[in-house]
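The structure file query12.cif is reproduced below (mmCIF, C-alpha atoms and all ligand atoms).
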```
data_coords
#
loop_
_atom_site.label_atom_id
_atom_site.label_comp_id
_atom_site.auth_asym_id
_atom_site.auth_seq_id
_atom_site.Cartn_x
_atom_site.Cartn_y
_atom_site.Cartn_z
CA MET A 1 -25.99 -0.70 29.06
CA PHE A 2 -23.63 -3.66 29.23
CA LEU A 3 -21.19 -5.04 26.71
CA VAL A 4 -20.79 -8.63 25.60
CA GLY A 5 -17.70 -9.68 23.64
CA LEU A 6 -17.82 -12.33 20.95
CA THR A 7 -14.66 -13.95 19.67
CA GLY A 8 -13.39 -17.15 18.07
CA GLY A 9 -10.92 -18.36 15.49
CA ILE A 10 -10.91 -17.42 11.83
CA ALA A 11 -14.05 -18.74 10.04
CA SER A 12 -15.38 -20.22 13.30
CA GLY A 13 -18.74 -18.45 12.93
CA LYS A 14 -18.50 -15.03 14.64
CA SER A 15 -20.40 -13.21 11.87
CA THR A 16 -22.98 -16.02 11.79
CA VAL A 17 -23.58 -15.72 15.56
CA SER A 18 -23.63 -11.88 15.43
CA LYS A 19 -26.24 -12.05 12.69
CA ILE A 20 -28.45 -14.29 14.84
CA PHE A 21 -28.18 -11.88 17.82
CA ASN A 22 -29.02 -8.97 15.55
CA GLU A 23 -31.84 -10.54 13.57
CA GLU A 24 -33.53 -12.46 16.40
CA PHE A 25 -33.09 -9.98 19.25
CA LYS A 26 -32.23 -6.64 17.56
CA ILE A 27 -28.93 -6.50 19.43
CA PRO A 28 -26.59 -3.82 17.98
CA ILE A 29 -23.27 -5.23 16.77
CA ILE A 30 -19.89 -3.50 16.81
CA ASP A 31 -17.84 -5.40 14.25
CA ALA A 32 -14.04 -5.03 14.55
CA ASP A 33 -13.41 -6.59 11.11
CA LEU A 34 -15.70 -4.00 9.52
CA ILE A 35 -13.98 -1.20 11.46
CA ALA A 36 -10.58 -2.58 10.37
CA ARG A 37 -11.77 -2.15 6.76
CA GLN A 38 -13.00 1.39 7.39
CA VAL A 39 -9.81 2.68 9.04
CA VAL A 40 -7.78 1.83 5.93
CA LEU A 41 -10.08 3.53 3.42
CA PRO A 42 -8.10 5.91 1.15
CA ASP A 43 -6.64 8.95 2.94
CA ARG A 44 -7.73 7.87 6.40
CA THR A 45 -5.08 7.60 9.13
CA GLY A 46 -4.85 3.80 8.88
CA TRP A 47 -4.39 4.02 5.12
CA LYS A 48 -1.54 6.55 5.56
CA ARG A 49 0.13 4.31 8.14
CA VAL A 50 -0.16 1.22 5.94
CA ARG A 51 1.26 3.12 2.95
CA SER A 52 4.14 4.55 4.91
CA LEU A 53 5.00 1.08 6.25
CA PHE A 54 4.72 -0.87 2.98
CA GLY A 55 4.88 1.73 0.19
CA ASN A 56 2.62 2.14 -2.84
CA GLU A 57 2.96 -1.58 -3.71
CA ILE A 58 0.35 -2.32 -1.04
CA LEU A 59 -2.27 -0.28 -2.96
CA ASN A 60 -4.59 -1.23 -5.80
CA GLN A 61 -4.88 1.04 -8.85
CA ASP A 62 -7.89 2.81 -7.28
CA ARG A 63 -5.71 3.61 -4.19
CA THR A 64 -7.61 1.19 -1.92
CA VAL A 65 -5.47 -1.16 0.16
CA ASN A 66 -4.92 -4.53 -1.51
CA ARG A 67 -6.40 -6.88 1.10
CA ASP A 68 -4.76 -10.00 -0.31
CA LYS A 69 -1.32 -8.40 0.04
CA LEU A 70 -2.19 -7.03 3.48
CA GLY A 71 -3.33 -10.51 4.50
CA GLU A 72 0.01 -11.97 3.36
CA ILE A 73 1.78 -9.45 5.61
CA ILE A 74 -0.53 -9.97 8.59
CA PHE A 75 0.02 -13.70 8.54
CA SER A 76 3.78 -13.35 8.16
CA ASP A 77 6.62 -12.12 10.37
CA ARG A 78 5.80 -8.47 9.71
CA GLU A 79 2.47 -8.88 11.51
CA LYS A 80 3.41 -7.02 14.72
CA MET A 81 4.30 -3.78 12.95
CA LEU A 82 0.96 -3.62 11.17
CA ASN A 83 -1.06 -4.63 14.23
CA LYS A 84 0.61 -1.83 16.19
CA ALA A 85 -0.29 0.69 13.48
CA LEU A 86 -3.97 -0.30 13.27
CA HIS A 87 -5.16 -1.59 16.65
CA GLY A 88 -5.19 1.84 18.38
CA LEU A 89 -7.35 3.22 15.56
CA ILE A 90 -9.70 0.23 15.75
CA LEU A 91 -10.04 0.62 19.53
CA LEU A 92 -10.84 4.35 19.18
CA GLU A 93 -13.62 3.63 16.69
CA ILE A 94 -14.99 0.86 18.93
CA LEU A 95 -15.13 3.33 21.85
CA LYS A 96 -16.98 5.87 19.68
CA GLN A 97 -19.55 3.26 18.69
CA ILE A 98 -20.00 2.19 22.33
CA LEU A 99 -20.72 5.81 23.28
CA LEU A 100 -23.19 6.16 20.43
CA ASN A 101 -25.08 3.08 21.60
CA LEU A 102 -25.04 4.38 25.16
CA VAL A 103 -26.60 7.66 24.02
CA LYS A 104 -29.22 5.71 22.06
CA GLY A 105 -30.17 3.94 25.30
CA GLU A 106 -29.29 0.41 24.17
CA ARG A 107 -29.39 -2.19 26.94
CA LEU A 108 -26.96 -4.78 25.54
CA VAL A 109 -24.36 -4.35 22.79
CA LEU A 110 -22.37 -7.18 21.20
CA LEU A 111 -18.74 -6.56 20.25
CA ASP A 112 -17.47 -8.97 17.58
CA ILE A 113 -13.69 -8.85 18.07
CA PRO A 114 -11.64 -11.62 16.42
CA LEU A 115 -8.46 -10.90 18.38
CA LEU A 116 -10.17 -10.13 21.70
CA PHE A 117 -7.82 -12.23 23.83
CA GLU A 118 -4.70 -11.75 21.71
CA THR A 119 -4.87 -7.92 21.67
CA LYS A 120 -7.14 -7.37 24.69
CA ILE A 121 -8.94 -4.66 22.68
CA GLY A 122 -11.98 -3.64 24.76
CA LEU A 123 -11.54 -6.64 27.09
CA SER A 124 -11.81 -4.66 30.34
CA LEU A 125 -15.13 -3.13 29.25
CA LEU A 126 -16.91 -6.44 28.82
CA SER A 127 -19.35 -7.96 31.26
CA TYR A 128 -19.37 -11.34 29.46
CA LYS A 129 -17.21 -13.09 26.87
CA LEU A 130 -18.62 -15.53 24.34
CA VAL A 131 -16.41 -17.85 22.32
CA VAL A 132 -17.70 -19.49 19.16
CA TYR A 133 -15.79 -22.50 17.91
CA CYS A 134 -15.79 -25.37 15.51
CA GLN A 135 -15.02 -28.69 17.20
CA SER A 136 -12.94 -30.02 14.36
CA GLU A 137 -10.13 -27.96 12.86
CA GLU A 138 -10.70 -29.78 9.53
CA GLU A 139 -14.23 -28.38 9.36
CA GLN A 140 -12.96 -24.88 10.25
CA LEU A 141 -10.32 -25.22 7.50
CA ARG A 142 -12.96 -26.45 5.04
CA ARG A 143 -15.22 -23.45 5.79
CA LEU A 144 -12.31 -21.02 5.53
CA MET A 145 -11.28 -22.41 2.15
CA ILE A 146 -14.83 -22.29 0.81
CA ARG A 147 -15.16 -18.69 1.98
CA ASN A 148 -11.71 -17.60 0.71
CA PRO A 149 -11.25 -19.79 -2.40
CA ASN A 150 -8.01 -18.08 -3.41
CA LEU A 151 -6.19 -19.35 -0.30
CA SER A 152 -4.14 -22.51 -0.71
CA GLU A 153 -4.57 -25.20 1.97
CA GLN A 154 -1.18 -24.26 3.38
CA GLU A 155 -2.06 -20.55 3.59
CA ALA A 156 -5.41 -21.31 5.20
CA LYS A 157 -3.74 -23.55 7.81
CA LYS A 158 -1.20 -20.81 8.51
CA ARG A 159 -4.04 -18.34 9.19
CA ILE A 160 -5.71 -20.72 11.65
CA GLN A 161 -2.42 -21.48 13.40
CA SER A 162 -1.41 -17.80 13.65
CA GLN A 163 -4.19 -17.23 16.19
CA MET A 164 -4.57 -18.30 19.82
CA ASN A 165 -5.72 -21.91 19.87
CA THR A 166 -9.36 -22.73 20.52
CA ALA A 167 -8.78 -24.61 23.79
CA ASP A 168 -7.09 -21.55 25.33
CA LYS A 169 -9.89 -19.26 24.15
CA LEU A 170 -12.53 -21.57 25.62
CA LYS A 171 -10.83 -21.38 29.03
CA LEU A 172 -11.34 -17.59 29.01
CA ALA A 173 -15.01 -17.73 27.97
CA ASP A 174 -18.10 -17.16 30.10
CA TYR A 175 -20.23 -18.91 27.46
CA CYS A 176 -19.23 -21.15 24.56
CA ILE A 177 -21.10 -21.68 21.29
CA ASP A 178 -20.34 -24.87 19.40
CA ASN A 179 -20.85 -24.01 15.73
CA SER A 180 -19.82 -27.43 14.40
CA LYS A 181 -23.32 -28.55 13.49
CA ASP A 182 -26.03 -26.90 11.38
CA LEU A 183 -27.22 -23.31 11.72
CA GLU A 184 -30.41 -24.31 13.52
CA ASN A 185 -28.34 -25.92 16.24
CA THR A 186 -26.25 -22.76 16.61
CA ARG A 187 -29.39 -20.60 16.68
CA GLU A 188 -30.78 -22.65 19.58
CA GLN A 189 -27.55 -22.21 21.59
CA VAL A 190 -27.63 -18.45 20.96
CA LYS A 191 -31.25 -18.28 22.13
CA THR A 192 -30.37 -20.10 25.36
CA ILE A 193 -27.41 -17.79 26.06
CA TYR A 194 -29.47 -14.69 25.28
CA SER A 195 -32.21 -15.77 27.68
CA VAL A 196 -29.59 -15.84 30.46
CA LEU A 197 -27.85 -12.60 29.42
CA LYS A 198 -31.05 -10.59 29.27
CA LYS A 199 -31.77 -11.37 32.91
CA SER A 200 -28.34 -10.12 33.96
CA LYS A 201 -28.42 -7.88 37.00
CA ILE A 202 -25.11 -6.35 35.89
CA TYR A 203 -27.21 -4.07 33.70
CA LEU A 204 -28.73 -2.34 36.74
CA TRP A 205 -25.36 -1.82 38.41
CA ILE A 206 -23.76 -0.44 35.28
CA ARG A 207 -26.70 1.85 34.62
CA ALA A 208 -26.57 3.19 38.18
CA PHE A 209 -22.81 3.70 37.81
CA LEU A 210 -23.21 5.52 34.46
CA PHE A 211 -25.94 7.77 35.78
CA ALA A 212 -23.79 8.64 38.80
CA GLY A 213 -20.80 9.33 36.50
CA LEU A 214 -22.84 11.49 34.13
CA ALA A 215 -24.42 13.41 36.99
CA PHE A 216 -20.97 14.06 38.47
CA GLY A 217 -19.66 15.20 35.05
CA VAL A 218 -22.57 17.63 34.66
CA PHE A 219 -21.98 18.92 38.18
CA LEU A 220 -18.28 19.56 37.45
CA LEU A 221 -18.98 21.26 34.11
CA ASN A 222 -21.59 23.43 35.77
CA LYS A 223 -19.29 24.40 38.61
CA TYR A 224 -16.10 25.11 36.68
CA LEU A 225 -17.16 26.08 33.14
CA PHE A 226 -20.36 28.08 33.46
C1 LIG B 1 -5.78 -9.55 7.35
C2 LIG B 1 -6.85 -8.79 6.58
C3 LIG B 1 -6.22 -7.88 5.54
C4 LIG B 1 -7.70 -9.86 5.87
O1 LIG B 1 -8.75 -9.24 5.22
P1 LIG B 1 -9.96 -10.11 4.61
O2 LIG B 1 -10.88 -9.15 3.92
O3 LIG B 1 -9.39 -11.23 3.80
O4 LIG B 1 -10.66 -10.79 5.86
P2 LIG B 1 -11.42 -10.15 7.12
O5 LIG B 1 -11.06 -8.72 7.32
O6 LIG B 1 -12.85 -10.46 7.02
O7 LIG B 1 -10.73 -10.93 8.38
C5 LIG B 1 -10.89 -12.30 8.49
C6 LIG B 1 -10.28 -12.83 9.75
O8 LIG B 1 -8.87 -12.79 9.71
C7 LIG B 1 -8.38 -12.84 11.04
N1 LIG B 1 -7.47 -11.70 11.27
C8 LIG B 1 -7.62 -10.42 10.88
N2 LIG B 1 -6.59 -9.67 11.29
C9 LIG B 1 -5.75 -10.50 11.96
C10 LIG B 1 -4.52 -10.32 12.62
N3 LIG B 1 -3.98 -9.09 12.68
N4 LIG B 1 -3.95 -11.41 13.20
C11 LIG B 1 -4.52 -12.63 13.17
N5 LIG B 1 -5.72 -12.86 12.55
C12 LIG B 1 -6.31 -11.81 11.96
C13 LIG B 1 -9.61 -12.70 11.95
O9 LIG B 1 -10.02 -13.97 12.37
C14 LIG B 1 -10.63 -12.10 11.03
O10 LIG B 1 -11.95 -12.35 11.49
C15 LIG B 1 -7.74 -7.93 7.53
O11 LIG B 1 -8.40 -8.74 8.44
C16 LIG B 1 -6.96 -6.85 8.28
O12 LIG B 1 -6.82 -5.74 7.79
N6 LIG B 1 -6.47 -7.14 9.50
C17 LIG B 1 -5.72 -6.18 10.29
C18 LIG B 1 -6.58 -5.51 11.31
C19 LIG B 1 -6.92 -6.41 12.46
O13 LIG B 1 -6.05 -6.75 13.27
N7 LIG B 1 -8.22 -6.80 12.54
C20 LIG B 1 -8.73 -7.58 13.63
C21 LIG B 1 -9.25 -6.63 14.68
S1 LIG B 1 -9.51 -7.37 16.24
N1 LIG B 2 -22.95 -23.97 11.17
C1 LIG B 2 -22.43 -23.76 9.96
N2 LIG B 2 -22.52 -24.72 9.01
C2 LIG B 2 -21.96 -24.53 7.78
N3 LIG B 2 -21.30 -23.42 7.40
C3 LIG B 2 -21.17 -22.43 8.30
C4 LIG B 2 -21.73 -22.55 9.62
N4 LIG B 2 -21.44 -21.41 10.30
C5 LIG B 2 -20.75 -20.61 9.46
N5 LIG B 2 -20.59 -21.23 8.26
C6 LIG B 2 -19.86 -20.71 7.09
O1 LIG B 2 -18.48 -20.64 7.45
C7 LIG B 2 -17.88 -19.45 6.97
C8 LIG B 2 -17.30 -18.67 8.16
O2 LIG B 2 -18.37 -18.23 8.99
P1 LIG B 2 -18.37 -16.75 9.56
O3 LIG B 2 -18.14 -15.76 8.48
O4 LIG B 2 -19.60 -16.60 10.38
O5 LIG B 2 -17.09 -16.87 10.50
P2 LIG B 2 -16.24 -15.71 11.16
O6 LIG B 2 -15.72 -16.28 12.43
O7 LIG B 2 -17.03 -14.45 11.24
O8 LIG B 2 -15.08 -15.55 10.12
P3 LIG B 2 -13.91 -14.46 10.10
O9 LIG B 2 -13.61 -14.07 11.47
O10 LIG B 2 -12.79 -15.21 9.53
O11 LIG B 2 -14.42 -13.36 9.25
C9 LIG B 2 -18.96 -18.67 6.22
O12 LIG B 2 -18.82 -18.93 4.85
C10 LIG B 2 -20.26 -19.25 6.77
O13 LIG B 2 -21.30 -19.19 5.83
#
```
Entire entry expressed as structure tokens:
Amino acid sequence: MFLVGLTGGIASGKSTVSKIFNEEFKIPIIDADLIARQVVLPDRTGWKRVRSLFGNEILNQDRTVNRDKLGEIIFSDREKMLNKALHGLILLEILKQILLNLVKGERLVLLDIPLLFETKIGLSLLSYKLVVYCQSEEEQLRRLMIRNPNLSEQEAKKRIQSQMNTADKLKLADYCIDNSKDLENTREQVKTIYSVLKKSKIYLWIRAFLFAGLAFGVFLLNKYLF
């Protein structure tokens, strides 16, 4: 199995690209935004950490975390504290899902990680990095504001500017997907990239390495435990 990371700025089209990989090629997706939601569900460790940092005011009446308030904190000066509290938990869950896919015998798994380069979560495990982007920041802003209608223009701009800029992300990419045009155009780019990825020889090396590792693990368990 080999892992491909997908990243890009806020509302640049990561979910859109993930969906194409999943629907067209049945590629399993590990979605860090979804995991970030799950680790703060009531009574989970992330929820306890968020509550102890920000008190009961961060909760809705049904005890779920108020995402609008959490968003205000994330995109403010208190961001680092919260990131520190949640990123370890997100990484652990990502590792669990990678193992699950390995056991299932998947060949390629896509990790959708918004802050891949900022936090380096999972970065060392990836064979390839894809960056999706929107050529014009105005279009990215427009899409963000349509998707999150309760954000003011100023708040939306702040969210875009709080992240690593697109040019720097593109420098770190193995493949870039320009999602400025229509969905059909993006789909075609994804198809081209997938046709290259699926021929990757890295798969064979990693599989050989994993088999060797597993065999060694079994040997050790056999020798010292049984
Ligand atoms: C900020 C939160 C509350 C916004 O929630 P909301 O439901 O409105 O949006 P959603 O979860 O879909 O995230 C939207 C986008 O916000 C951006 N974003 C999320 N967290 C951060 C962050 N810590 N710093 C900068 N940008 C971020 C990403 O581009 C992400 O794709 C939420 O994203 C969150 O809990 N973030 C903290 C966890 C985290 O760092 N997640 C990213 C993992 S790599
Ligand atoms: N090519 C496109 N043309 C028009 N709208 C698009 C296009 N691609 C995505 N969108 C819209 O832009 C918004 C953001 O896209 P998407 O959710 O895929 O981005 P994202 O990078 O996953 O966002 P985030 O990381 O902030 O959750 C969505 O409302 C989506 O429908």
Review point. Residues at most 6 Å from ligand LIG 1 (chain B), using only C-alpha atoms and all ligand atoms? Could they come as a list in words?
Key: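 If we count only C-alpha atoms and all ligand atoms, the neighbours of ligand LIG 1 (chain B) turn out to be Gly9, Ile10, Ala32, Asp33, Ala36, Arg67, Leu70, Gly71, Ile74, Asn83, Ile113, Pro114, Leu115 and Gln163 of chain A.
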Can you write just those residues out, C-alpha atoms, as a PDB file, in the coordinates of the input?
```pdb
ATOM      1  CA  GLY A   9     -10.920 -18.360  15.490  1.00  0.00           C
ATOM      2  CA  ILE A  10     -10.910 -17.420  11.830  1.00  0.00           C
ATOM      3  CA  ALA A  32     -14.040  -5.030  14.550  1.00  0.00           C
ATOM      4  CA  ASP A  33     -13.410  -6.590  11.110  1.00  0.00           C
ATOM      5  CA  ALA A  36     -10.580  -2.580  10.370  1.00  0.00           C
ATOM      6  CA  ARG A  67      -6.400  -6.880   1.100  1.00  0.00           C
ATOM      7  CA  LEU A  70      -2.190  -7.030   3.480  1.00  0.00           C
ATOM      8  CA  GLY A  71      -3.330 -10.510   4.500  1.00  0.00           C
ATOM      9  CA  ILE A  74      -0.530  -9.970   8.590  1.00  0.00           C
ATOM     10  CA  ASN A  83      -1.060  -4.630  14.230  1.00  0.00           C
ATOM     11  CA  ILE A 113     -13.690  -8.850  18.070  1.00  0.00           C
ATOM     12  CA  PRO A 114     -11.640 -11.620  16.420  1.00  0.00           C
ATOM     13  CA  LEU A 115      -8.460 -10.900  18.380  1.00  0.00           C
ATOM     14  CA  GLN A 163      -4.190 -17.230  16.190  1.00  0.00           C
TER      15      GLN A 163
END
```
Exercise for review: Would you list the residues near (-24.2, -16.2, 14.3), meaning any protein, DNA or RNA residue with an atom at most 12 Å from that point in file coordinates, counting all atoms listed in the file, as number ranges by chain?
Suggested key: A: 6-8, 11-25, 27, 29, 110, 112, 130-133, 177-179, 182-191
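The two atoms in question, atom CA of A:Ser127 and atom C5 of ligand LIG 2 (chain B), are spaced 25.2 Å apart.
By all atoms listed in the file, and with residues fewer than 2 positions from A:Glu93 along its chain excluded, the set lying at most 12 Å from it is Ile30, Asp31, Ala32, Asp33, Leu34, Ile35, Ala36, Arg37, Gln38, Val39, Gly46, Leu86, His87, Gly88, Leu89, Ile90, Leu91, Leu95, Lys96, Gln97, Ile98, Leu99, Leu100, Leu111, Ile121 and Gly122 of chain A.
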Revision key, fill the gap. Counting all atoms listed in the file, closest pick from A:Phe209, A:Phe75, A:Gln154, A:Pro42 relative to A:Asn60 is A:Pro42
Practice item. Have a look at A:Val196, A:Leu170, A:Leu151, A:Ala212 and name the one nearest to A:Asp68; count all atoms listed in the file. Key: A:Leu151
Check your understanding: Nearest to A:Leu172 among A:Leu123, A:Leu221, A:Val109, A:Leu102, with distances taken over only C-alpha atoms: which residue is it?
Key ->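 Closest candidate: A:Leu123.
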Review point. Which is closer to ligand LIG 2 (chain B) than all the others in A:Ser136, A:Asn56, A:Ser180, A:Thr166, using only C-alpha atoms and all ligand atoms?
Key: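 Of A:Ser136, A:Asn56, A:Ser180, A:Thr166, the one nearest ligand LIG 2 (chain B) is A:Ser180, counting only C-alpha atoms and all ligand atoms.
Using only C-alpha atoms and all ligand atoms, the shortest contact distance between ligand LIG 2 (chain B) and any of A:Leu126, A:Leu144, A:Ile193, A:Met164 is found at A:Leu144.
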Review point. Interatomic distance between atom C1 of ligand LIG 2 (chain B) and atom CA of A:Val65?
Key: 29.9 Å
**Study point:** Among listed residues A:Ile202, A:Ala156, A:Leu220, A:Leu210, nearest ligand LIG 2 (chain B) (using all atoms listed in the file)
**Key:** A:Ala156
Point to revise | Interatomic distance (Å, one decimal) between atom CA of A:Gly217 and atom CA of A:Val103 | key: 15.1 Å
Centre and edges of the stretch 145-163 of chain A box, axis-aligned, 5 Å extra per side, as lines of an AutoDock Vina configuration file:
```
center_x = -8.2
center_y = -21.2
center_z = 6.4
size_x = 24.0
size_y = 18.0
size_z = 29.6
```
